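Colleague: Pasting a structure below so you can have a look.
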Amino acid sequence: MNFMKALAVSLLIAISPASQANQDDYQTSKISWFEFDAPPYYIFQGVKANKGTAQLFQAEIMRQLPQHKHQTQRGNFIRGLKEIENKNNVCATSLLKTPAYEKFMHFSEPWFEVLAIGLNIRYSELNRFLPAIENGKINLKKLLADTDIKLGILNGRPYGQPIDETLGDYRHTDRIFTLTGSTKMHNLLHLFIKRKRFDAVLGYAAETHYYSNQFERDADELLYIPIKDTQLMYKAYVGCSKSPMGKSVIAQVNKLIENTSPKVYEKRYLSFLSPQSQETYKLLKQQLAMNN
């Protein structure tokens, strides 16, 4: 009899509200949103501070999920990844979905598309690049093999395949300028735009245009060229710690994405592109839509 009473009590405890606390907490607990120093997706300074494309969507998530306590953290990309991996409640709104990241993150459905990393050049020097341009895209292997063009890249930044493989063949030659000691695109573009230390830079169209404006350069002075044999558009995802908490947040974010028009954020993104890059974006979107 005593055994049966003990069993009954244990069952009551198991199904009591207190035992459900952990599950319920996933719906109402604190979320830490990590922001990277990566304009124009995250903008920390100036008149457009906190109005980057990713920050606007992040603010909408916070507004739509008032049951959570939201806080923001800031730091470089590597630190952000470590925070997401080592904690159970860290998220970021503008991430690429890769097999490596999926090991320690839950990902939402894609909420946005951006132009992929491309080659950014001075429009006045376009003729130097024409031998390596094929159907509007740059053949990076041919460019490095058959011309004297010098590229600027950031040390430690992954550019994706086959770009990283191609760069590896020339990384220790005078054809590649690698900025070490800094992970900031601002510093690399300063050397490219203001000091002309090299002939082209690998990077996103939006970040290049954003910084060219910071350096008081005409929007049409630089030209963005997609890279042949690479993904031309990247999808942006919300990523959260791979924990029950992170999984719950992603489920809530997915419901928000279902009811949100990407046009709002697309318009904001386009405002950070040069007129030429805006046309490239619209053309590639049309091509992808036709192929799907």
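By convention here, the chains of the structure tokens are called A, B, ... in the order presented, each chain's residues are numbered starting at 1, and ligands are numbered starting at 1 in the order presented.
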Got a sec: who's within 12 Å of Leu223 in chain A, counting only C-alpha atoms, leaving out chain neighbours fewer than 2 positions off, as a JSON list (two decimals) with all heavy atoms, in the first residue's frame?

Modeller:
[["chain", "number", "residue", "atom", "x", "y", "z"],
["A", 118, "GLY", "N", 31.22, 38.66, -54.40],
["A", 118, "GLY", "CA", 31.64, 38.84, -55.79],
["A", 118, "GLY", "C", 32.93, 39.63, -55.87],
["A", 118, "GLY", "O", 33.55, 39.94, -54.84],
["A", 119, "LEU", "N", 33.30, 39.98, -57.08],
["A", 119, "LEU", "CA", 34.50, 40.78, -57.31],
["A", 119, "LEU", "C", 34.09, 42.24, -57.45],
["A", 119, "LEU", "O", 33.22, 42.57, -58.26],
["A", 119, "LEU", "CB", 35.22, 40.31, -58.57],
["A", 119, "LEU", "CG", 36.64, 40.85, -58.77],
["A", 119, "LEU", "CD1", 37.59, 40.20, -57.76],
["A", 119, "LEU", "CD2", 37.13, 40.60, -60.19],
["A", 120, "ASN", "N", 34.69, 43.10, -56.66],
["A", 120, "ASN", "CA", 34.40, 44.52, -56.70],
["A", 120, "ASN", "C", 35.61, 45.25, -57.26],
["A", 120, "ASN", "O", 36.73, 45.13, -56.74],
["A", 120, "ASN", "CB", 34.08, 45.03, -55.29],
["A", 120, "ASN", "CG", 32.85, 44.35, -54.70],
["A", 120, "ASN", "OD1", 31.74, 44.78, -54.93],
["A", 120, "ASN", "ND2", 33.08, 43.26, -53.96],
["A", 121, "ILE", "N", 35.38, 46.00, -58.34],
["A", 121, "ILE", "CA", 36.47, 46.65, -59.05],
["A", 121, "ILE", "C", 36.16, 48.13, -59.24],
["A", 121, "ILE", "O", 35.04, 48.59, -59.00],
["A", 121, "ILE", "CB", 36.72, 45.99, -60.43],
["A", 121, "ILE", "CG1", 35.56, 46.32, -61.39],
["A", 121, "ILE", "CG2", 36.88, 44.48, -60.28],
["A", 121, "ILE", "CD1", 35.81, 45.89, -62.83],
["A", 122, "ARG", "N", 37.17, 48.88, -59.68],
["A", 122, "ARG", "CA", 36.95, 50.27, -60.09],
["A", 122, "ARG", "C", 36.41, 50.25, -61.52],
["A", 122, "ARG", "O", 37.01, 49.66, -62.40],
["A", 122, "ARG", "CB", 38.25, 51.06, -60.01],
["A", 122, "ARG", "CG", 38.89, 51.06, -58.64],
["A", 122, "ARG", "CD", 40.20, 51.84, -58.62],
["A", 122, "ARG", "NE", 40.89, 51.63, -57.36],
["A", 122, "ARG", "CZ", 41.80, 50.68, -57.16],
["A", 122, "ARG", "NH1", 42.14, 49.87, -58.15],
["A", 122, "ARG", "NH2", 42.38, 50.53, -55.98],
["A", 123, "TYR", "N", 35.30, 50.92, -61.71],
["A", 123, "TYR", "CA", 34.67, 50.91, -63.03],
["A", 123, "TYR", "C", 35.62, 51.44, -64.10],
["A", 123, "TYR", "O", 35.62, 50.96, -65.24],
["A", 123, "TYR", "CB", 33.39, 51.77, -63.01],
["A", 123, "TYR", "CG", 32.59, 51.65, -64.27],
["A", 123, "TYR", "CD1", 31.72, 50.57, -64.46],
["A", 123, "TYR", "CD2", 32.69, 52.61, -65.27],
["A", 123, "TYR", "CE1", 30.99, 50.44, -65.63],
["A", 123, "TYR", "CE2", 31.95, 52.49, -66.45],
["A", 123, "TYR", "CZ", 31.10, 51.41, -66.61],
["A", 123, "TYR", "OH", 30.39, 51.28, -67.77],
["A", 124, "SER", "N", 36.45, 52.38, -63.73],
["A", 124, "SER", "CA", 37.39, 52.97, -64.69],
["A", 124, "SER", "C", 38.41, 51.96, -65.20],
["A", 124, "SER", "O", 39.06, 52.19, -66.23],
["A", 124, "SER", "CB", 38.11, 54.16, -64.06],
["A", 124, "SER", "OG", 38.85, 53.75, -62.92],
["A", 125, "GLU", "N", 38.57, 50.83, -64.49],
["A", 125, "GLU", "CA", 39.56, 49.83, -64.88],
["A", 125, "GLU", "C", 38.91, 48.57, -65.43],
["A", 125, "GLU", "O", 39.54, 47.51, -65.52],
["A", 125, "GLU", "CB", 40.45, 49.48, -63.68],
["A", 125, "GLU", "CG", 41.25, 50.66, -63.16],
["A", 125, "GLU", "CD", 42.17, 50.29, -62.01],
["A", 125, "GLU", "OE1", 42.10, 49.14, -61.54],
["A", 125, "GLU", "OE2", 42.95, 51.15, -61.57],
["A", 126, "LEU", "N", 37.66, 48.66, -65.83],
["A", 126, "LEU", "CA", 36.92, 47.50, -66.33],
["A", 126, "LEU", "C", 37.64, 46.77, -67.46],
["A", 126, "LEU", "O", 37.64, 45.54, -67.51],
["A", 126, "LEU", "CB", 35.52, 47.93, -66.78],
["A", 126, "LEU", "CG", 34.64, 46.85, -67.43],
["A", 126, "LEU", "CD1", 34.41, 45.69, -66.46],
["A", 126, "LEU", "CD2", 33.31, 47.45, -67.87],
["A", 129, "PHE", "N", 39.75, 43.75, -66.84],
["A", 129, "PHE", "CA", 39.09, 42.53, -66.38],
["A", 129, "PHE", "C", 38.31, 41.81, -67.49],
["A", 129, "PHE", "O", 37.90, 40.67, -67.30],
["A", 129, "PHE", "CB", 38.14, 42.85, -65.22],
["A", 129, "PHE", "CG", 38.84, 43.35, -63.99],
["A", 129, "PHE", "CD1", 39.19, 44.69, -63.87],
["A", 129, "PHE", "CD2", 39.16, 42.49, -62.96],
["A", 129, "PHE", "CE1", 39.84, 45.16, -62.74],
["A", 129, "PHE", "CE2", 39.80, 42.95, -61.82],
["A", 129, "PHE", "CZ", 40.15, 44.29, -61.71],
["A", 136, "GLY", "N", 28.83, 37.88, -68.25],
["A", 136, "GLY", "CA", 28.55, 38.76, -67.14],
["A", 136, "GLY", "C", 29.12, 38.33, -65.81],
["A", 136, "GLY", "O", 28.85, 38.97, -64.78],
["A", 137, "LYS", "N", 29.90, 37.25, -65.80],
["A", 137, "LYS", "CA", 30.49, 36.75, -64.55],
["A", 137, "LYS", "C", 32.00, 36.65, -64.71],
["A", 137, "LYS", "O", 32.50, 36.39, -65.79],
["A", 137, "LYS", "CB", 29.89, 35.39, -64.18],
["A", 137, "LYS", "CG", 28.37, 35.41, -64.03],
["A", 137, "LYS", "CD", 27.82, 34.03, -63.76],
["A", 137, "LYS", "CE", 26.30, 34.04, -63.69],
["A", 137, "LYS", "NZ", 25.68, 34.39, -64.99],
["A", 138, "ILE", "N", 32.69, 36.82, -63.60],
["A", 138, "ILE", "CA", 34.15, 36.77, -63.63],
["A", 138, "ILE", "C", 34.64, 35.34, -63.44],
["A", 138, "ILE", "O", 34.19, 34.63, -62.54],
["A", 138, "ILE", "CB", 34.76, 37.70, -62.55],
["A", 138, "ILE", "CG1", 36.24, 37.99, -62.86],
["A", 138, "ILE", "CG2", 34.60, 37.14, -61.17],
["A", 138, "ILE", "CD1", 36.46, 39.03, -63.88],
["A", 199, "ASP", "N", 43.94, 45.85, -56.94],
["A", 199, "ASP", "CA", 43.08, 46.18, -58.08],
["A", 199, "ASP", "C", 41.62, 45.78, -57.91],
["A", 199, "ASP", "O", 40.76, 46.29, -58.63],
["A", 199, "ASP", "CB", 43.63, 45.49, -59.34],
["A", 199, "ASP", "CG", 45.09, 45.79, -59.57],
["A", 199, "ASP", "OD1", 45.44, 46.97, -59.65],
["A", 199, "ASP", "OD2", 45.90, 44.83, -59.66],
["A", 200, "ALA", "N", 41.34, 44.87, -57.02],
["A", 200, "ALA", "CA", 39.97, 44.40, -56.81],
["A", 200, "ALA", "C", 39.86, 43.80, -55.42],
["A", 200, "ALA", "O", 40.87, 43.44, -54.81],
["A", 200, "ALA", "CB", 39.60, 43.35, -57.87],
["A", 201, "VAL", "N", 38.64, 43.71, -54.93],
["A", 201, "VAL", "CA", 38.43, 43.15, -53.60],
["A", 201, "VAL", "C", 37.26, 42.18, -53.64],
["A", 201, "VAL", "O", 36.25, 42.43, -54.32],
["A", 201, "VAL", "CB", 38.19, 44.28, -52.56],
["A", 201, "VAL", "CG1", 36.93, 45.06, -52.88],
["A", 201, "VAL", "CG2", 38.13, 43.73, -51.15],
["A", 202, "LEU", "N", 37.40, 41.07, -52.94],
["A", 202, "LEU", "CA", 36.31, 40.12, -52.82],
["A", 202, "LEU", "C", 35.42, 40.53, -51.65],
["A", 202, "LEU", "O", 35.92, 40.77, -50.54],
["A", 202, "LEU", "CB", 36.85, 38.70, -52.59],
["A", 202, "LEU", "CG", 37.50, 38.02, -53.80],
["A", 202, "LEU", "CD1", 38.15, 36.71, -53.37],
["A", 202, "LEU", "CD2", 36.48, 37.76, -54.90],
["A", 203, "GLY", "N", 34.13, 40.61, -51.91],
["A", 203, "GLY", "CA", 33.23, 41.01, -50.84],
["A", 203, "GLY", "C", 31.80, 41.11, -51.33],
["A", 203, "GLY", "O", 31.51, 40.93, -52.51],
["A", 204, "TYR", "N", 30.91, 41.42, -50.41],
["A", 204, "TYR", "CA", 29.51, 41.58, -50.74],
["A", 204, "TYR", "C", 29.28, 42.95, -51.37],
["A", 204, "TYR", "O", 29.90, 43.95, -50.99],
["A", 204, "TYR", "CB", 28.64, 41.46, -49.48],
["A", 204, "TYR", "CG", 28.62, 40.08, -48.89],
["A", 204, "TYR", "CD1", 29.40, 39.76, -47.78],
["A", 204, "TYR", "CD2", 27.81, 39.08, -49.43],
["A", 204, "TYR", "CE1", 29.38, 38.49, -47.23],
["A", 204, "TYR", "CE2", 27.78, 37.81, -48.88],
["A", 204, "TYR", "CZ", 28.57, 37.52, -47.78],
["A", 204, "TYR", "OH", 28.55, 36.25, -47.24],
["A", 205, "ALA", "N", 28.35, 43.01, -52.33],
["A", 205, "ALA", "CA", 28.05, 44.26, -53.00],
["A", 205, "ALA", "C", 27.56, 45.32, -52.03],
["A", 205, "ALA", "O", 27.94, 46.49, -52.13],
["A", 205, "ALA", "CB", 27.00, 44.02, -54.10],
["A", 206, "ALA", "N", 26.73, 44.92, -51.08],
["A", 206, "ALA", "CA", 26.13, 45.89, -50.15],
["A", 206, "ALA", "C", 27.18, 46.50, -49.23],
["A", 206, "ALA", "O", 27.18, 47.71, -48.98],
["A", 206, "ALA", "CB", 25.03, 45.22, -49.33],
["A", 208, "THR", "N", 30.41, 46.76, -49.78],
["A", 208, "THR", "CA", 31.32, 47.59, -50.56],
["A", 208, "THR", "C", 30.70, 48.95, -50.85],
["A", 208, "THR", "O", 31.36, 49.99, -50.71],
["A", 208, "THR", "CB", 31.67, 46.88, -51.89],
["A", 208, "THR", "OG1", 32.20, 45.59, -51.61],
["A", 208, "THR", "CG2", 32.69, 47.68, -52.67],
["A", 209, "HIS", "N", 29.43, 48.95, -51.24],
["A", 209, "HIS", "CA", 28.76, 50.21, -51.53],
["A", 209, "HIS", "C", 28.59, 51.05, -50.26],
["A", 209, "HIS", "O", 28.76, 52.28, -50.28],
["A", 209, "HIS", "CB", 27.39, 49.93, -52.16],
["A", 209, "HIS", "CG", 26.62, 51.18, -52.49],
["A", 209, "HIS", "ND1", 27.08, 52.12, -53.37],
["A", 209, "HIS", "CD2", 25.41, 51.63, -52.05],
["A", 209, "HIS", "CE1", 26.20, 53.10, -53.48],
["A", 209, "HIS", "NE2", 25.18, 52.83, -52.68],
["A", 212, "SER", "N", 31.93, 52.61, -49.53],
["A", 212, "SER", "CA", 32.31, 53.60, -50.53],
["A", 212, "SER", "C", 31.63, 54.93, -50.22],
["A", 212, "SER", "O", 32.21, 56.00, -50.42],
["A", 212, "SER", "CB", 31.95, 53.12, -51.94],
["A", 212, "SER", "OG", 30.55, 53.10, -52.15],
["A", 218, "ASP", "N", 31.68, 58.21, -55.27],
["A", 218, "ASP", "CA", 30.48, 58.11, -56.09],
["A", 218, "ASP", "C", 30.04, 56.65, -56.14],
["A", 218, "ASP", "O", 30.87, 55.74, -56.28],
["A", 218, "ASP", "CB", 30.77, 58.62, -57.50],
["A", 218, "ASP", "CG", 29.50, 58.77, -58.33],
["A", 218, "ASP", "OD1", 28.66, 57.86, -58.30],
["A", 218, "ASP", "OD2", 29.37, 59.80, -59.01],
["A", 219, "ALA", "N", 28.72, 56.43, -56.06],
["A", 219, "ALA", "CA", 28.19, 55.07, -56.07],
["A", 219, "ALA", "C", 28.56, 54.30, -57.33],
["A", 219, "ALA", "O", 28.67, 53.09, -57.32],
["A", 219, "ALA", "CB", 26.67, 55.12, -55.91],
["A", 220, "ASP", "N", 28.72, 55.02, -58.44],
["A", 220, "ASP", "CA", 29.02, 54.36, -59.70],
["A", 220, "ASP", "C", 30.51, 54.15, -59.93],
["A", 220, "ASP", "O", 30.92, 53.66, -60.98],
["A", 220, "ASP", "CB", 28.44, 55.18, -60.87],
["A", 220, "ASP", "CG", 26.92, 55.19, -60.84],
["A", 220, "ASP", "OD1", 26.34, 54.18, -60.42],
["A", 220, "ASP", "OD2", 26.32, 56.22, -61.22],
["A", 221, "GLU", "N", 31.34, 54.55, -58.98],
["A", 221, "GLU", "CA", 32.77, 54.42, -59.16],
["A", 221, "GLU", "C", 33.22, 52.96, -59.09],
["A", 221, "GLU", "O", 34.18, 52.55, -59.75],
["A", 221, "GLU", "CB", 33.51, 55.23, -58.09],
["A", 221, "GLU", "CG", 35.02, 55.20, -58.23],
["A", 221, "GLU", "CD", 35.71, 56.09, -57.21],
["A", 221, "GLU", "OE1", 35.11, 57.10, -56.81],
["A", 221, "GLU", "OE2", 36.83, 55.75, -56.81],
["A", 225, "ILE", "N", 30.86, 42.41, -59.76],
["A", 225, "ILE", "CA", 30.75, 41.37, -60.78],
["A", 225, "ILE", "C", 30.58, 40.01, -60.09],
["A", 225, "ILE", "O", 31.44, 39.61, -59.29],
["A", 225, "ILE", "CB", 31.99, 41.32, -61.69],
["A", 225, "ILE", "CG1", 32.31, 42.71, -62.24],
["A", 225, "ILE", "CG2", 31.77, 40.34, -62.84],
["A", 225, "ILE", "CD1", 33.61, 42.76, -63.05],
["A", 226, "PRO", "N", 29.50, 39.29, -60.36],
["A", 226, "PRO", "CA", 29.34, 37.94, -59.79],
["A", 226, "PRO", "C", 30.47, 37.02, -60.26],
["A", 226, "PRO", "O", 31.10, 37.25, -61.31],
["A", 226, "PRO", "CB", 27.99, 37.49, -60.36],
["A", 226, "PRO", "CG", 27.28, 38.73, -60.77],
["A", 226, "PRO", "CD", 28.36, 39.68, -61.21],
["A", 273, "LEU", "N", 22.56, 49.18, -52.01],
["A", 273, "LEU", "CA", 23.26, 48.76, -53.23],
["A", 273, "LEU", "C", 23.41, 49.93, -54.20],
["A", 273, "LEU", "O", 22.59, 50.84, -54.22],
["A", 273, "LEU", "CB", 22.50, 47.63, -53.94],
["A", 273, "LEU", "CG", 22.35, 46.30, -53.21],
["A", 273, "LEU", "CD1", 21.51, 45.34, -54.05],
["A", 273, "LEU", "CD2", 23.71, 45.68, -52.90],
["A", 274, "SER", "N", 24.45, 49.88, -55.01],
["A", 274, "SER", "CA", 24.59, 50.86, -56.08],
["A", 274, "SER", "C", 23.51, 50.60, -57.13],
["A", 274, "SER", "O", 22.94, 49.50, -57.18],
["A", 274, "SER", "CB", 25.97, 50.74, -56.73],
["A", 274, "SER", "OG", 26.07, 49.51, -57.44],
["A", 275, "PRO", "N", 23.20, 51.57, -57.97],
["A", 275, "PRO", "CA", 22.20, 51.34, -59.03],
["A", 275, "PRO", "C", 22.54, 50.12, -59.89],
["A", 275, "PRO", "O", 21.64, 49.34, -60.25],
["A", 275, "PRO", "CB", 22.26, 52.63, -59.85],
["A", 275, "PRO", "CG", 22.67, 53.68, -58.85],
["A", 275, "PRO", "CD", 23.65, 52.97, -57.94],
["A", 276, "GLN", "N", 23.81, 49.93, -60.21],
["A", 276, "GLN", "CA", 24.21, 48.77, -61.01],
["A", 276, "GLN", "C", 23.94, 47.47, -60.27],
["A", 276, "GLN", "O", 23.43, 46.50, -60.84],
["A", 276, "GLN", "CB", 25.69, 48.88, -61.39],
["A", 276, "GLN", "CG", 26.27, 47.66, -62.09],
["A", 276, "GLN", "CD", 26.96, 46.68, -61.12],
["A", 276, "GLN", "OE1", 27.44, 47.08, -60.07],
["A", 276, "GLN", "NE2", 26.97, 45.41, -61.48],
["A", 277, "SER", "N", 24.28, 47.43, -58.97],
["A", 277, "SER", "CA", 24.07, 46.21, -58.19],
["A", 277, "SER", "C", 22.58, 45.94, -57.97],
["A", 277, "SER", "O", 22.16, 44.78, -57.88],
["A", 277, "SER", "CB", 24.78, 46.31, -56.84],
["A", 277, "SER", "OG", 26.19, 46.33, -57.02],
["A", 278, "GLN", "N", 21.78, 46.99, -57.88],
["A", 278, "GLN", "CA", 20.33, 46.81, -57.78],
["A", 278, "GLN", "C", 19.79, 46.08, -59.00],
["A", 278, "GLN", "O", 18.97, 45.16, -58.88],
["A", 278, "GLN", "CB", 19.64, 48.17, -57.63],
["A", 278, "GLN", "CG", 19.88, 48.84, -56.30],
["A", 278, "GLN", "CD", 19.17, 50.19, -56.21],
["A", 278, "GLN", "OE1", 18.21, 50.46, -56.92],
["A", 278, "GLN", "NE2", 19.67, 51.06, -55.34],
["A", 279, "GLU", "N", 20.26, 46.47, -60.17],
["A", 279, "GLU", "CA", 19.82, 45.81, -61.41],
["A", 279, "GLU", "C", 20.30, 44.37, -61.45],
["A", 279, "GLU", "O", 19.58, 43.47, -61.90],
["A", 279, "GLU", "CB", 20.32, 46.59, -62.63],
["A", 279, "GLU", "CG", 19.68, 47.96, -62.79],
["A", 279, "GLU", "CD", 18.16, 47.88, -62.85],
["A", 279, "GLU", "OE1", 17.63, 47.03, -63.61],
["A", 279, "GLU", "OE2", 17.50, 48.63, -62.12],
["A", 280, "THR", "N", 21.54, 44.13, -60.99],
["A", 280, "THR", "CA", 22.07, 42.77, -60.94],
["A", 280, "THR", "C", 21.22, 41.91, -60.02],
["A", 280, "THR", "O", 20.89, 40.76, -60.34],
["A", 280, "THR", "CB", 23.54, 42.78, -60.46],
["A", 280, "THR", "OG1", 24.34, 43.55, -61.36],
["A", 280, "THR", "CG2", 24.10, 41.37, -60.37]]

Colleague: Got a sec: who's within 12 Å of Asp37 in chain A, counting only C-alpha atoms, leaving out chain neighbours fewer than 3 positions off, as a PyMOL selection string?

Modeller: chain A and resi 34+40-45+49-50+52+54-55+73-80+94+183-186+207

Colleague: Pick out the closest residue to Phe272 in chain A from this set: A:Lys242, A:Lys48, A:Lys142, A:Arg171. Count only C-alpha atoms.

Modeller: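 Closest residue, counting only C-alpha atoms: A:Lys48.
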
Colleague: Extract the full set of strand (DSSP E or B) residues from range 208-255 of chain A according to DSSP on the backbone, and format it as a PDB file with N, CA, C and O atoms, in the first residue's frame.

Modeller:
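Final output, part-v6.pdb:
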ATOM      1  N   LEU A 222      32.505  52.152 -58.288  1.00  0.00           N
ATOM      2  CA  LEU A 222      32.837  50.745 -58.137  1.00  0.00           C
ATOM      3  C   LEU A 222      31.831  49.873 -58.876  1.00  0.00           C
ATOM      4  O   LEU A 222      30.667  50.232 -59.029  1.00  0.00           O
ATOM      5  N   LEU A 223      32.291  48.722 -59.317  1.00  0.00           N
ATOM      6  CA  LEU A 223      31.452  47.793 -60.081  1.00  0.00           C
ATOM      7  C   LEU A 223      31.519  46.415 -59.428  1.00  0.00           C
ATOM      8  O   LEU A 223      32.606  45.898 -59.153  1.00  0.00           O
ATOM      9  N   TYR A 224      30.359  45.829 -59.187  1.00  0.00           N
ATOM     10  CA  TYR A 224      30.259  44.485 -58.609  1.00  0.00           C
ATOM     11  C   TYR A 224      30.044  43.484 -59.740  1.00  0.00           C
ATOM     12  O   TYR A 224      29.167  43.659 -60.586  1.00  0.00           O
ATOM     13  N   ILE A 225      30.859  42.407 -59.756  1.00  0.00           N
ATOM     14  CA  ILE A 225      30.746  41.367 -60.781  1.00  0.00           C
ATOM     15  C   ILE A 225      30.581  40.013 -60.087  1.00  0.00           C
ATOM     16  O   ILE A 225      31.436  39.614 -59.289  1.00  0.00           O
ATOM     17  N   ILE A 227      30.722  35.973 -59.481  1.00  0.00           N
ATOM     18  CA  ILE A 227      31.815  35.050 -59.791  1.00  0.00           C
ATOM     19  C   ILE A 227      31.261  33.776 -60.422  1.00  0.00           C
ATOM     20  O   ILE A 227      30.312  33.169 -59.900  1.00  0.00           O
ATOM     21  N   MET A 233      23.346  33.948 -55.290  1.00  0.00           N
ATOM     22  CA  MET A 233      22.557  34.568 -54.227  1.00  0.00           C
ATOM     23  C   MET A 233      22.670  33.721 -52.969  1.00  0.00           C
ATOM     24  O   MET A 233      22.681  32.490 -53.046  1.00  0.00           O
ATOM     25  N   TYR A 234      22.762  34.383 -51.836  1.00  0.00           N
ATOM     26  CA  TYR A 234      22.768  33.686 -50.560  1.00  0.00           C
ATOM     27  C   TYR A 234      21.435  33.911 -49.849  1.00  0.00           C
ATOM     28  O   TYR A 234      20.895  35.020 -49.865  1.00  0.00           O
ATOM     29  N   LYS A 235      20.936  32.861 -49.211  1.00  0.00           N
ATOM     30  CA  LYS A 235      19.745  32.991 -48.384  1.00  0.00           C
ATOM     31  C   LYS A 235      20.169  33.247 -46.942  1.00  0.00           C
ATOM     32  O   LYS A 235      21.102  32.631 -46.447  1.00  0.00           O
ATOM     33  N   ALA A 236      19.479  34.182 -46.313  1.00  0.00           N
ATOM     34  CA  ALA A 236      19.763  34.518 -44.915  1.00  0.00           C
ATOM     35  C   ALA A 236      18.791  33.788 -44.005  1.00  0.00           C
ATOM     36  O   ALA A 236      17.598  33.696 -44.300  1.00  0.00           O
ATOM     37  N   TYR A 237      19.321  33.282 -42.900  1.00  0.00           N
ATOM     38  CA  TYR A 237      18.529  32.508 -41.943  1.00  0.00           C
ATOM     39  C   TYR A 237      18.714  33.080 -40.547  1.00  0.00           C
ATOM     40  O   TYR A 237      19.738  33.704 -40.238  1.00  0.00           O
ATOM     41  N   VAL A 238      17.738  32.825 -39.693  1.00  0.00           N
ATOM     42  CA  VAL A 238      17.920  33.019 -38.262  1.00  0.00           C
ATOM     43  C   VAL A 238      18.511  31.727 -37.717  1.00  0.00           C
ATOM     44  O   VAL A 238      18.016  30.637 -38.013  1.00  0.00           O
ATOM     45  N   GLY A 239      19.574  31.848 -36.951  1.00  0.00           N
ATOM     46  CA  GLY A 239      20.198  30.677 -36.336  1.00  0.00           C
ATOM     47  C   GLY A 239      20.202  30.814 -34.827  1.00  0.00           C
ATOM     48  O   GLY A 239      20.460  31.908 -34.306  1.00  0.00           O
ATOM     49  N   CYS A 240      19.905  29.735 -34.123  1.00  0.00           N
ATOM     50  CA  CYS A 240      19.900  29.744 -32.656  1.00  0.00           C
ATOM     51  C   CYS A 240      20.693  28.551 -32.119  1.00  0.00           C
ATOM     52  O   CYS A 240      20.909  27.561 -32.832  1.00  0.00           O
ATOM     53  N   SER A 241      21.088  28.660 -30.872  1.00  0.00           N
ATOM     54  CA  SER A 241      21.816  27.573 -30.211  1.00  0.00           C
ATOM     55  C   SER A 241      21.081  26.247 -30.398  1.00  0.00           C
ATOM     56  O   SER A 241      19.847  26.198 -30.351  1.00  0.00           O
TER      57      SER A 241
END

Colleague: Among range 31-136 of chain A, which ones does DSSP place in helix (DSSP H, G or I), written as an MDAnalysis selection string?

Modeller: chainID A and resid 53:64 77:86 99:102 123:132

Colleague: What does the distance between CA of Pro131 in chain A and CA of Ile176 in chain A come to in Å, to one decimal place?

Modeller: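 Those two atoms sit 18.9 Å apart.
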
Colleague: Which residues are close to Ile163 in chain A, i.e. within 12 Å by only C-alpha atoms, leaving aside same-chain residues fewer than 3 positions away? Reply as a VMD selection string.

Modeller: chain A and resid 116 to 119 138 to 141 144 153 157 to 160 166 to 171 202 to 203 226 to 231

Colleague: Nearest residue to Lys51 in chain A out of A:Leu288, A:Thr98, A:Lys87, A:Ser271, using only C-alpha atoms?

Modeller: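 Of all the options, A:Ser271 lies closest to Lys51 in chain A.
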
Colleague: So, counting only C-alpha atoms, which residue among A:Tyr281, A:Leu81, A:Ser248, A:Trp111 is closest to Ser261 in chain A?

Modeller: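 Residue with the minimum atom-to-atom distance to Ser261 in chain A: A:Trp111.
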
Colleague: Taking only C-alpha atoms into account, which of A:Glu165, A:Ser243, A:Gln214, A:Phe107 comes nearest Glu85 in chain A?

Modeller: A:Ser243

Colleague: Between CA of Asp164 in chain A and CA of Arg197 in chain A, measure the distance and give it in Å to one decimal.

Modeller: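 Pair CA of Asp164 in chain A / CA of Arg197 in chain A returns 21.3 Å.
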
Colleague: Which value, in Å to one decimal, gives the distance between CA of Glu102 in chain A and CA of Asn86 in chain A?

Modeller: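 CA of Asn86 in chain A lies 13.8 Å from CA of Glu102 in chain A.
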